[in-house]
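Raw target-v6.json, JSON, C-alpha atoms:
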[["chain", "number", "residue", "atom", "x", "y", "z"],
["A", 1, "ASN", "CA", 77.94, -1.06, -155.11],
["A", 2, "THR", "CA", 75.42, 1.78, -155.24],
["A", 3, "ASP", "CA", 74.39, 1.40, -151.59],
["A", 4, "LEU", "CA", 77.99, 1.75, -150.47],
["A", 5, "ILE", "CA", 78.45, 4.94, -152.49],
["A", 6, "ILE", "CA", 75.29, 6.44, -151.02],
["A", 7, "ILE", "CA", 76.35, 5.90, -147.41],
["A", 8, "MET", "CA", 79.84, 7.36, -147.94],
["A", 9, "SER", "CA", 80.33, 10.60, -146.05],
["A", 10, "SER", "CA", 80.40, 13.70, -148.22],
["A", 11, "ASN", "CA", 83.93, 14.44, -146.99],
["A", 12, "ALA", "CA", 85.25, 11.05, -148.00],
["A", 13, "LEU", "CA", 83.46, 11.21, -151.34],
["A", 14, "THR", "CA", 84.93, 14.63, -152.13],
["A", 15, "LEU", "CA", 88.44, 13.43, -151.36],
["A", 16, "PHE", "CA", 87.90, 10.25, -153.37],
["A", 17, "ILE", "CA", 86.75, 12.20, -156.42],
["A", 18, "LEU", "CA", 89.70, 14.58, -156.18],
["A", 19, "PHE", "CA", 92.25, 11.78, -156.13],
["A", 20, "LEU", "CA", 90.35, 9.89, -158.85],
["A", 21, "ASN", "CA", 90.71, 12.92, -161.11],
["A", 22, "ILE", "CA", 94.41, 13.16, -160.41],
["A", 23, "SER", "CA", 95.14, 9.47, -161.00],
["A", 24, "LEU", "CA", 92.80, 8.62, -163.87],
["A", 25, "PHE", "CA", 92.87, 11.85, -165.85],
["A", 26, "PRO", "CA", 96.47, 13.07, -165.89],
["A", 27, "ALA", "CA", 95.74, 15.23, -168.94],
["A", 28, "ALA", "CA", 93.50, 17.36, -166.75],
["A", 29, "THR", "CA", 96.39, 18.06, -164.42],
["A", 30, "SER", "CA", 99.03, 18.61, -167.10],
["A", 31, "SER", "CA", 98.68, 22.40, -166.96],
["A", 32, "LEU", "CA", 99.30, 22.55, -163.19],
["A", 33, "ASN", "CA", 102.80, 23.78, -162.44],
["A", 34, "GLN", "CA", 105.35, 21.83, -160.39],
["A", 35, "GLU", "CA", 104.60, 23.61, -157.12],
["A", 36, "GLY", "CA", 100.93, 22.74, -157.47],
["A", 37, "LEU", "CA", 101.77, 19.12, -158.23],
["A", 38, "SER", "CA", 104.03, 18.98, -155.16],
["A", 39, "LEU", "CA", 101.23, 20.32, -152.96],
["A", 40, "LEU", "CA", 98.82, 17.74, -154.34],
["A", 41, "SER", "CA", 101.40, 15.04, -153.66],
["A", 42, "TRP", "CA", 101.54, 16.16, -150.03],
["A", 43, "LEU", "CA", 97.73, 16.35, -149.90],
["A", 44, "SER", "CA", 97.54, 12.70, -150.91],
["A", 45, "THR", "CA", 99.30, 11.77, -147.64],
["A", 46, "PHE", "CA", 96.67, 13.37, -145.38],
["A", 47, "ASN", "CA", 94.95, 10.77, -143.24],
["A", 48, "SER", "CA", 91.99, 12.81, -142.07],
["A", 49, "SER", "CA", 88.40, 13.30, -143.17],
["A", 50, "ASP", "CA", 88.75, 17.03, -142.41],
["A", 51, "SER", "CA", 91.07, 17.46, -145.37],
["A", 52, "ALA", "CA", 88.37, 16.70, -147.93],
["A", 53, "THR", "CA", 86.39, 19.86, -147.31],
["A", 54, "ALA", "CA", 89.23, 22.01, -145.97],
["A", 55, "PHE", "CA", 91.25, 21.56, -149.15],
["A", 56, "SER", "CA", 88.45, 21.44, -151.70],
["A", 57, "SER", "CA", 89.90, 24.55, -153.37],
["A", 58, "TRP", "CA", 93.07, 22.63, -154.28],
["A", 59, "ASP", "CA", 91.88, 22.04, -157.82],
["A", 60, "PRO", "CA", 94.20, 19.95, -160.04],
["A", 61, "THR", "CA", 92.82, 21.64, -163.17],
["A", 62, "HIS", "CA", 94.23, 25.04, -162.18],
["A", 63, "HIS", "CA", 97.41, 26.33, -163.76],
["A", 64, "SER", "CA", 98.98, 27.13, -160.37],
["A", 65, "PRO", "CA", 98.06, 26.86, -156.67],
["A", 66, "CYS", "CA", 97.82, 30.64, -156.28],
["A", 67, "ARG", "CA", 94.02, 30.64, -155.88],
["A", 68, "TRP", "CA", 94.05, 27.81, -153.37],
["A", 69, "ASP", "CA", 93.22, 28.30, -149.71],
["A", 70, "TYR", "CA", 96.22, 28.64, -147.33],
["A", 71, "ILE", "CA", 98.53, 29.64, -150.20],
["A", 72, "ARG", "CA", 99.87, 33.08, -151.12],
["A", 73, "CYS", "CA", 101.91, 33.64, -154.25],
["A", 74, "SER", "CA", 104.14, 36.30, -155.74],
["A", 75, "LYS", "CA", 103.08, 38.33, -158.77],
["A", 76, "GLU", "CA", 105.15, 35.93, -160.84],
["A", 77, "GLY", "CA", 103.07, 32.98, -159.60],
["A", 78, "PHE", "CA", 105.53, 31.38, -157.18],
["A", 79, "VAL", "CA", 104.39, 30.20, -153.73],
["A", 80, "LEU", "CA", 105.51, 32.62, -151.00],
["A", 81, "GLU", "CA", 103.46, 31.53, -147.98],
["A", 82, "ILE", "CA", 101.80, 28.34, -146.79],
["A", 83, "ILE", "CA", 99.80, 28.86, -143.60],
["A", 84, "ILE", "CA", 97.71, 25.95, -142.31],
["A", 85, "GLU", "CA", 96.40, 26.16, -138.75],
["A", 86, "SER", "CA", 93.95, 24.14, -136.64],
["A", 87, "ILE", "CA", 93.14, 21.53, -139.30],
["A", 88, "ASP", "CA", 93.68, 17.86, -138.53],
["A", 89, "LEU", "CA", 96.04, 16.67, -141.28],
["A", 90, "HIS", "CA", 97.50, 13.62, -139.56],
["A", 91, "THR", "CA", 100.52, 13.49, -141.82],
["A", 92, "THR", "CA", 104.27, 14.06, -141.70],
["A", 93, "PHE", "CA", 106.52, 17.03, -142.47],
["A", 94, "PRO", "CA", 106.04, 18.06, -146.12],
["A", 95, "THR", "CA", 109.36, 17.21, -147.75],
["A", 96, "GLN", "CA", 107.54, 17.78, -151.05],
["A", 97, "LEU", "CA", 107.89, 21.53, -150.43],
["A", 98, "LEU", "CA", 111.67, 21.65, -150.11],
["A", 99, "SER", "CA", 112.05, 22.70, -153.75],
["A", 100, "PHE", "CA", 109.92, 25.85, -153.36],
["A", 101, "GLY", "CA", 112.64, 28.39, -154.08],
["A", 102, "ASN", "CA", 110.65, 31.53, -153.17],
["A", 103, "LEU", "CA", 108.99, 30.29, -149.98],
["A", 104, "THR", "CA", 109.21, 32.80, -147.10],
["A", 105, "THR", "CA", 106.67, 31.43, -144.61],
["A", 106, "LEU", "CA", 105.77, 27.87, -143.67],
["A", 107, "VAL", "CA", 103.25, 27.60, -140.84],
["A", 108, "ILE", "CA", 101.71, 24.21, -140.06],
["A", 109, "SER", "CA", 100.40, 24.64, -136.53],
["A", 110, "ASN", "CA", 97.94, 22.61, -134.47],
["A", 111, "ALA", "CA", 97.57, 20.26, -137.42],
["A", 112, "ASN", "CA", 98.53, 16.86, -135.96],
["A", 113, "LEU", "CA", 101.83, 16.62, -137.83],
["A", 114, "THR", "CA", 103.52, 13.38, -136.79],
["A", 115, "GLY", "CA", 106.97, 11.84, -137.10],
["A", 116, "GLU", "CA", 110.26, 13.70, -136.89],
["A", 117, "ILE", "CA", 111.42, 17.02, -138.26],
["A", 118, "PRO", "CA", 113.72, 15.67, -141.00],
["A", 119, "GLY", "CA", 117.30, 16.83, -141.40],
["A", 120, "LEU", "CA", 116.27, 17.84, -144.91],
["A", 121, "VAL", "CA", 114.47, 20.80, -143.34],
["A", 122, "GLY", "CA", 117.80, 22.60, -143.76],
["A", 123, "ASN", "CA", 117.22, 22.43, -147.52],
["A", 124, "LEU", "CA", 114.29, 24.81, -147.33],
["A", 125, "SER", "CA", 114.66, 27.91, -149.44],
["A", 126, "SER", "CA", 117.18, 30.47, -148.21],
["A", 127, "SER", "CA", 114.32, 32.99, -148.34],
["A", 128, "VAL", "CA", 112.40, 31.28, -145.50],
["A", 129, "VAL", "CA", 111.82, 33.76, -142.68],
["A", 130, "THR", "CA", 109.22, 31.90, -140.59],
["A", 131, "LEU", "CA", 109.10, 28.18, -139.79],
["A", 132, "ASP", "CA", 106.27, 27.40, -137.37],
["A", 133, "LEU", "CA", 105.56, 23.75, -136.54],
["A", 134, "SER", "CA", 104.08, 24.39, -133.09],
["A", 135, "PHE", "CA", 101.35, 22.38, -131.33],
["A", 136, "ASN", "CA", 101.58, 19.18, -133.30],
["A", 137, "ALA", "CA", 102.52, 15.58, -132.48],
["A", 138, "LEU", "CA", 106.11, 15.73, -133.72],
["A", 139, "SER", "CA", 108.84, 13.65, -132.10],
["A", 140, "GLY", "CA", 112.60, 13.22, -132.34],
["A", 141, "THR", "CA", 115.21, 15.97, -132.02],
["A", 142, "ILE", "CA", 115.68, 19.44, -133.44],
["A", 143, "PRO", "CA", 117.93, 18.67, -136.43],
["A", 144, "SER", "CA", 121.32, 20.32, -136.36],
["A", 145, "GLU", "CA", 121.01, 20.85, -140.12],
["A", 146, "ILE", "CA", 118.88, 23.92, -139.38],
["A", 147, "GLY", "CA", 122.10, 25.65, -138.36],
["A", 148, "ASN", "CA", 124.65, 23.70, -140.38],
["A", 149, "LEU", "CA", 123.23, 24.73, -143.73],
["A", 150, "TYR", "CA", 123.26, 28.42, -142.87],
["A", 151, "LYS", "CA", 126.90, 28.40, -143.96],
["A", 152, "LEU", "CA", 125.83, 27.16, -147.38],
["A", 153, "GLY", "CA", 123.34, 29.97, -147.76],
["A", 154, "GLN", "CA", 120.34, 27.99, -146.54],
["A", 155, "LEU", "CA", 117.99, 29.50, -143.92],
["A", 156, "ARG", "CA", 120.19, 32.57, -143.69],
["A", 157, "ASP", "CA", 117.12, 34.79, -143.28],
["A", 158, "LEU", "CA", 115.27, 32.60, -140.75],
["A", 159, "GLU", "CA", 113.76, 34.90, -138.14],
["A", 160, "THR", "CA", 111.15, 32.73, -136.43],
["A", 161, "LEU", "CA", 111.55, 29.10, -135.40],
["A", 162, "ARG", "CA", 108.66, 27.64, -133.43],
["A", 163, "ALA", "CA", 108.32, 23.98, -132.49],
["A", 164, "GLY", "CA", 106.74, 24.34, -129.05],
["A", 165, "GLY", "CA", 103.75, 22.29, -128.01],
["A", 166, "ASN", "CA", 105.30, 19.06, -129.32],
["A", 167, "PRO", "CA", 105.94, 16.97, -126.16],
["A", 168, "GLY", "CA", 107.57, 14.23, -128.25],
["A", 169, "ILE", "CA", 110.45, 16.47, -129.33],
["A", 170, "HIS", "CA", 113.49, 15.70, -127.18],
["A", 171, "GLY", "CA", 117.26, 16.01, -127.10],
["A", 172, "GLU", "CA", 119.37, 19.11, -126.72],
["A", 173, "ILE", "CA", 119.28, 22.50, -128.38],
["A", 174, "PRO", "CA", 121.73, 22.08, -131.27],
["A", 175, "MET", "CA", 124.76, 24.34, -130.93],
["A", 176, "GLN", "CA", 124.45, 25.03, -134.64],
["A", 177, "ILE", "CA", 121.31, 27.08, -134.00],
["A", 178, "SER", "CA", 123.69, 29.98, -133.39],
["A", 179, "ASN", "CA", 124.45, 29.99, -137.11],
["A", 180, "CYS", "CA", 120.96, 31.36, -137.79],
["A", 181, "LYS", "CA", 122.16, 34.91, -137.27],
["A", 182, "ALA", "CA", 118.86, 36.55, -138.25],
["A", 183, "LEU", "CA", 116.85, 34.60, -135.65],
["A", 184, "VAL", "CA", 114.46, 36.85, -133.71],
["A", 185, "TYR", "CA", 112.12, 34.30, -132.09],
["A", 186, "LEU", "CA", 113.06, 30.85, -130.79],
["A", 187, "GLY", "CA", 110.16, 28.92, -129.26],
["A", 188, "LEU", "CA", 110.64, 25.39, -127.92],
["A", 189, "ALA", "CA", 108.27, 25.48, -124.93],
["A", 190, "ASP", "CA", 106.21, 22.49, -123.81],
["A", 191, "THR", "CA", 108.62, 19.99, -125.32],
["A", 192, "GLY", "CA", 111.01, 17.34, -124.01],
["A", 193, "ILE", "CA", 114.06, 19.50, -124.80],
["A", 194, "SER", "CA", 116.81, 18.73, -122.28],
["A", 195, "GLY", "CA", 120.47, 19.41, -121.60],
["A", 196, "GLU", "CA", 122.12, 22.78, -121.19],
["A", 197, "ILE", "CA", 121.53, 26.03, -123.01],
["A", 198, "PRO", "CA", 124.56, 26.22, -125.34],
["A", 199, "PRO", "CA", 126.89, 29.18, -124.71],
["A", 200, "THR", "CA", 126.73, 29.85, -128.45],
["A", 201, "ILE", "CA", 123.24, 31.26, -127.85],
["A", 202, "GLY", "CA", 125.07, 34.53, -127.23],
["A", 203, "GLU", "CA", 125.89, 34.74, -130.93],
["A", 204, "LEU", "CA", 122.24, 35.46, -131.75],
["A", 205, "LYS", "CA", 122.49, 39.24, -131.74],
["A", 206, "SER", "CA", 119.01, 39.73, -133.24],
["A", 207, "LEU", "CA", 117.17, 37.39, -130.85],
["A", 208, "LYS", "CA", 114.28, 39.15, -129.10],
["A", 209, "THR", "CA", 112.33, 36.23, -127.64],
["A", 210, "LEU", "CA", 113.66, 32.99, -126.12],
["A", 211, "GLN", "CA", 110.89, 30.72, -124.91],
["A", 212, "ILE", "CA", 111.93, 27.28, -123.65],
["A", 213, "TYR", "CA", 109.66, 26.77, -120.66],
["A", 214, "THR", "CA", 107.97, 23.63, -119.31],
["A", 215, "ALA", "CA", 110.81, 21.50, -120.63],
["A", 216, "HIS", "CA", 113.80, 19.64, -119.14],
["A", 217, "LEU", "CA", 116.69, 22.10, -119.37],
["A", 218, "THR", "CA", 119.52, 21.58, -116.87],
["A", 219, "GLY", "CA", 122.72, 23.35, -115.91],
["A", 220, "ASN", "CA", 123.31, 27.08, -115.64],
["A", 221, "ILE", "CA", 122.00, 29.97, -117.68],
["A", 222, "PRO", "CA", 125.20, 30.74, -119.63],
["A", 223, "PRO", "CA", 126.60, 34.22, -118.96],
["A", 224, "GLU", "CA", 127.12, 34.52, -122.73],
["A", 225, "ILE", "CA", 123.40, 35.22, -122.97],
["A", 226, "GLN", "CA", 124.25, 38.84, -122.17],
["A", 227, "ASN", "CA", 125.57, 39.07, -125.73],
["A", 228, "CYS", "CA", 122.02, 38.71, -127.02],
["A", 229, "SER", "CA", 121.80, 42.47, -127.05],
["A", 230, "ALA", "CA", 118.30, 42.62, -128.58],
["A", 231, "LEU", "CA", 116.72, 40.12, -126.13],
["A", 232, "GLU", "CA", 113.41, 41.38, -124.72],
["A", 233, "GLU", "CA", 111.75, 38.22, -123.36],
["A", 234, "LEU", "CA", 113.46, 35.34, -121.54],
["A", 235, "PHE", "CA", 111.02, 32.60, -120.51],
["A", 236, "LEU", "CA", 112.76, 29.58, -118.96],
["A", 237, "TYR", "CA", 110.37, 28.63, -116.18],
["A", 238, "GLU", "CA", 109.48, 25.04, -115.20],
["A", 239, "ASN", "CA", 112.82, 23.44, -116.03],
["A", 240, "GLN", "CA", 115.65, 22.01, -113.90],
["A", 241, "LEU", "CA", 118.08, 24.88, -114.31],
["A", 242, "SER", "CA", 120.53, 25.37, -111.43],
["A", 243, "GLY", "CA", 123.34, 27.57, -110.17],
["A", 244, "ASN", "CA", 123.10, 31.31, -109.72],
["A", 245, "ILE", "CA", 120.92, 33.59, -111.78],
["A", 246, "PRO", "CA", 123.57, 35.43, -113.79],
["A", 247, "SER", "CA", 124.00, 39.05, -112.81],
["A", 248, "GLU", "CA", 124.74, 39.76, -116.46],
["A", 249, "LEU", "CA", 120.99, 39.75, -117.11],
["A", 250, "GLY", "CA", 120.78, 43.09, -115.35],
["A", 251, "SER", "CA", 123.04, 44.74, -117.91],
["A", 252, "MET", "CA", 120.84, 43.80, -120.86],
["A", 253, "LYS", "CA", 119.19, 47.08, -121.79],
["A", 254, "SER", "CA", 116.50, 45.58, -124.03],
["A", 255, "LEU", "CA", 115.36, 42.89, -121.56],
["A", 256, "ARG", "CA", 111.79, 43.51, -120.42],
["A", 257, "LYS", "CA", 110.41, 40.18, -119.18],
["A", 258, "VAL", "CA", 112.25, 37.41, -117.30],
["A", 259, "LEU", "CA", 110.27, 34.36, -116.11],
["A", 260, "LEU", "CA", 112.36, 31.76, -114.23],
["A", 261, "TRP", "CA", 110.12, 30.17, -111.63],
["A", 262, "GLN", "CA", 110.17, 26.46, -110.72],
["A", 263, "ASN", "CA", 113.84, 25.79, -111.33],
["A", 264, "ASN", "CA", 116.67, 24.79, -108.97],
["A", 265, "PHE", "CA", 118.53, 28.08, -108.72],
["A", 266, "THR", "CA", 120.65, 28.88, -105.67],
["A", 267, "GLY", "CA", 121.75, 32.17, -104.19],
["A", 268, "THR", "CA", 119.89, 35.44, -104.32],
["A", 269, "ILE", "CA", 118.28, 37.43, -107.07],
["A", 270, "PRO", "CA", 121.00, 39.72, -108.46],
["A", 271, "GLU", "CA", 120.62, 43.34, -107.44],
["A", 272, "SER", "CA", 121.15, 44.25, -111.07],
["A", 273, "LEU", "CA", 117.68, 42.83, -111.79],
["A", 274, "GLY", "CA", 116.02, 44.93, -109.08]]
Translate this structure into structure tokens?
Amino acid sequence: NTDLIIIMSSNALTLFILFLNISLFPAATSSLNQEGLSLLSWLSTFNSSDSATAFSSWDPTHHSPCRWDYIRCSKEGFVLEIIIESIDLHTTFPTQLLSFGNLTTLVISNANLTGEIPGLVGNLSSSVVTLDLSFNALSGTIPSEIGNLYKLGQLRDLETLRAGGNPGIHGEIPMQISNCKALVYLGLADTGISGEIPPTIGELKSLKTLQIYTAHLTGNIPPEIQNCSALEELFLYENQLSGNIPSELGSMKSLRKVLLWQNNFTGTIPESLG
């Protein structure tokens, strides 16, 4: 009734009107391209009052999403970047975006993403360079498909993978991560990641930053890490790592910062690190 409409919050009313337009007037949305329709489909899953005002620019009557907030497109009108930070979405990973063939950057950080990172994440465009899902409420494991599909041309250019700040993420670092040969930044800090650092980490010749601190890593730091010739920052503090600190770290010419406190190492600090 009229009284109920009056007492609705402006946020809820805005969101209601947007979805009413989409569902009741499909002709108005017929000019919107497929990428725009996919984004609106994902928008419809948001379970937060913040999304009404934050995404008010996502207009279903536009031809493309290129004028929408958080979206950057190519000159040809294809979505290149989606960057959404510090907005409470309360939704799951956007599988609706897997078909975006020109996407280079997907950042959904501090946005209350829930559920697991699906194995389908490996189907993201081969042009993706940055995948940042940090500081959310994700759970489950890091899917091995991130590395498996590199061999099929998927994620071959991935340089940044961030999923830190998700305490619900658990399991081991997938050995297949070494297939992402272009990886420069791997951030899995403040998670439930456990098990050993795979020796295949040494195959990441472009890796500059490895941050897996405040987690549950065990075992030794593999000596193969010396093969990460570009490594500049190694942050593995607050884990349960054991054994000796490998002397090989001292031969890594690019290494600038090593933080290893609060582990279970034995022996002395190698002279090569002096």
> Which neighbours of A:Gly187 fall inside 10 Å, counting all atoms listed in the file, when residues of the same chain fewer than 4 positions from it are skipped, and could you give them as a VMD selection string?
Replying inline: chain A and resid 132 134 160 to 165 191 209 to 213 235
> What is the distance between atom CA of A:Ser38 and atom CA of A:Ala137, in Å to one decimal?
Replying inline: 23.0 Å
> From the set A:Gln262, A:Gln96, A:Ser74, A:Thr114, which residue has the shortest atom-to-atom contact distance to A:Ser139, counting only C-alpha atoms?
Replying inline: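 Closest to A:Ser139, using only C-alpha atoms: A:Thr114.
Across A:Pro174, A:Arg156, A:Leu260, A:Ile108, the tightest approach to A:Asn123 is made by A:Arg156 when counting all atoms listed in the file.
Taking all atoms listed in the file into account, A:Ser31 lies nearest to A:Asp59 out of the set A:Glu233, A:Glu145, A:Asp59, A:Asp157.
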> Using all atoms listed in the file, which residues sit within 10 Å of A:Glu248 once same-chain residues fewer than 6 positions away are excluded, as a ChimeraX atom specification?
Replying inline: /A:222-227,270,272-273
> Suppose you want the space between atom CA of A:Ser57 and atom CA of A:Ile82; what is it in Å?
Replying inline: 14.1 Å
> So, counting only C-alpha atoms, which residue among A:Asn33, A:Ser109, A:Ser229, A:Asn220 is closest to A:Ser251?
Replying inline: A:Ser229
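Take atom CA of A:Leu241 and atom CA of A:Ala215: the distance between them is 10.2 Å.
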>> Taking (110.2, 26.6, -152.0) as a centre in this file's frame and 10 Å as the limit, can you find every polymer residue with an atom that close, using only C-alpha atoms, and give them as a ChimeraX atom specification?
In response: /A:35,78-81,96-106,123-128
>> What's around A:Lys205 at 9 Å? Count all atoms listed in the file, leave out sequence neighbours fewer than 4 positions away in its own chain, and write the answer as number ranges by chain.
In response: A: 181-184, 201, 227-231
Written file, previous selection with C-alpha atoms, as a PDB file, in the frame of the given file:
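Once everything was written out, this is selection.pdb:
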ATOM      1  CA  LYS A 181     122.160  34.910-137.270  1.00  0.00           C
ATOM      2  CA  ALA A 182     118.860  36.550-138.250  1.00  0.00           C
ATOM      3  CA  LEU A 183     116.850  34.600-135.650  1.00  0.00           C
ATOM      4  CA  VAL A 184     114.460  36.850-133.710  1.00  0.00           C
ATOM      5  CA  ILE A 201     123.240  31.260-127.850  1.00  0.00           C
ATOM      6  CA  ASN A 227     125.570  39.070-125.730  1.00  0.00           C
ATOM      7  CA  CYS A 228     122.020  38.710-127.020  1.00  0.00           C
ATOM      8  CA  SER A 229     121.800  42.470-127.050  1.00  0.00           C
ATOM      9  CA  ALA A 230     118.300  42.620-128.580  1.00  0.00           C
ATOM     10  CA  LEU A 231     116.720  40.120-126.130  1.00  0.00           C
TER      11      LEU A 231
END
> Between A:Met175, A:Lys75, A:Cys180, A:Thr61, which is the closest to A:Gly195 once you count all atoms listed in the file?
Replying inline: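 That would be A:Met175, the residue with the smallest distance to A:Gly195.
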Please put the answer as JSON: centre and edge lengths, in Å with one decimal, of a box along x, y and z that encloses all listed atoms of stretch 30-37 of chain A plus 3 Å on each side.
{"center_x": 102.0, "center_y": 21.2, "center_z": -162.1, "size_x": 12.7, "size_y": 11.2, "size_z": 16.0}
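For the choices A:Glu238, A:Glu85, A:Glu116, A:Glu203, the atom-to-atom distance to A:Gln176 is smallest for A:Glu203 when using all atoms listed in the file.
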>> Residues within 10 Å of A:Trp42, please, as a ChimeraX atom specification. Count only C-alpha atoms; anything in the same chain fewer than 2 positions from it doesn't count.
In response: /A:36-40,44-46,91-97
If you keep C-alpha atoms, can you produce a file of those selected residues as a short mmCIF file (atom, residue, chain, number, x, y, z; two decimals), in the coordinates of the input?
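Wrote again_36.cif, looks like this:
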data_model
loop_
_atom_site.label_atom_id
_atom_site.label_comp_id
_atom_site.auth_asym_id
_atom_site.auth_seq_id
_atom_site.Cartn_x
_atom_site.Cartn_y
_atom_site.Cartn_z
CA GLY A 36 100.93 22.74 -157.47
CA LEU A 37 101.77 19.12 -158.23
CA SER A 38 104.03 18.98 -155.16
CA LEU A 39 101.23 20.32 -152.96
CA LEU A 40 98.82 17.74 -154.34
CA SER A 44 97.54 12.70 -150.91
CA THR A 45 99.30 11.77 -147.64
CA PHE A 46 96.67 13.37 -145.38
CA THR A 91 100.52 13.49 -141.82
CA THR A 92 104.27 14.06 -141.70
CA PHE A 93 106.52 17.03 -142.47
CA PRO A 94 106.04 18.06 -146.12
CA THR A 95 109.36 17.21 -147.75
CA GLN A 96 107.54 17.78 -151.05
CA LEU A 97 107.89 21.53 -150.43
#
>> I want to know what sits within 6 Å of A:Thr214, based on all atoms listed in the file, with residues of the same chain fewer than 4 positions away left out; could you give that as a PyMOL selection string?
In response: chain A and resi 189-190+238-239
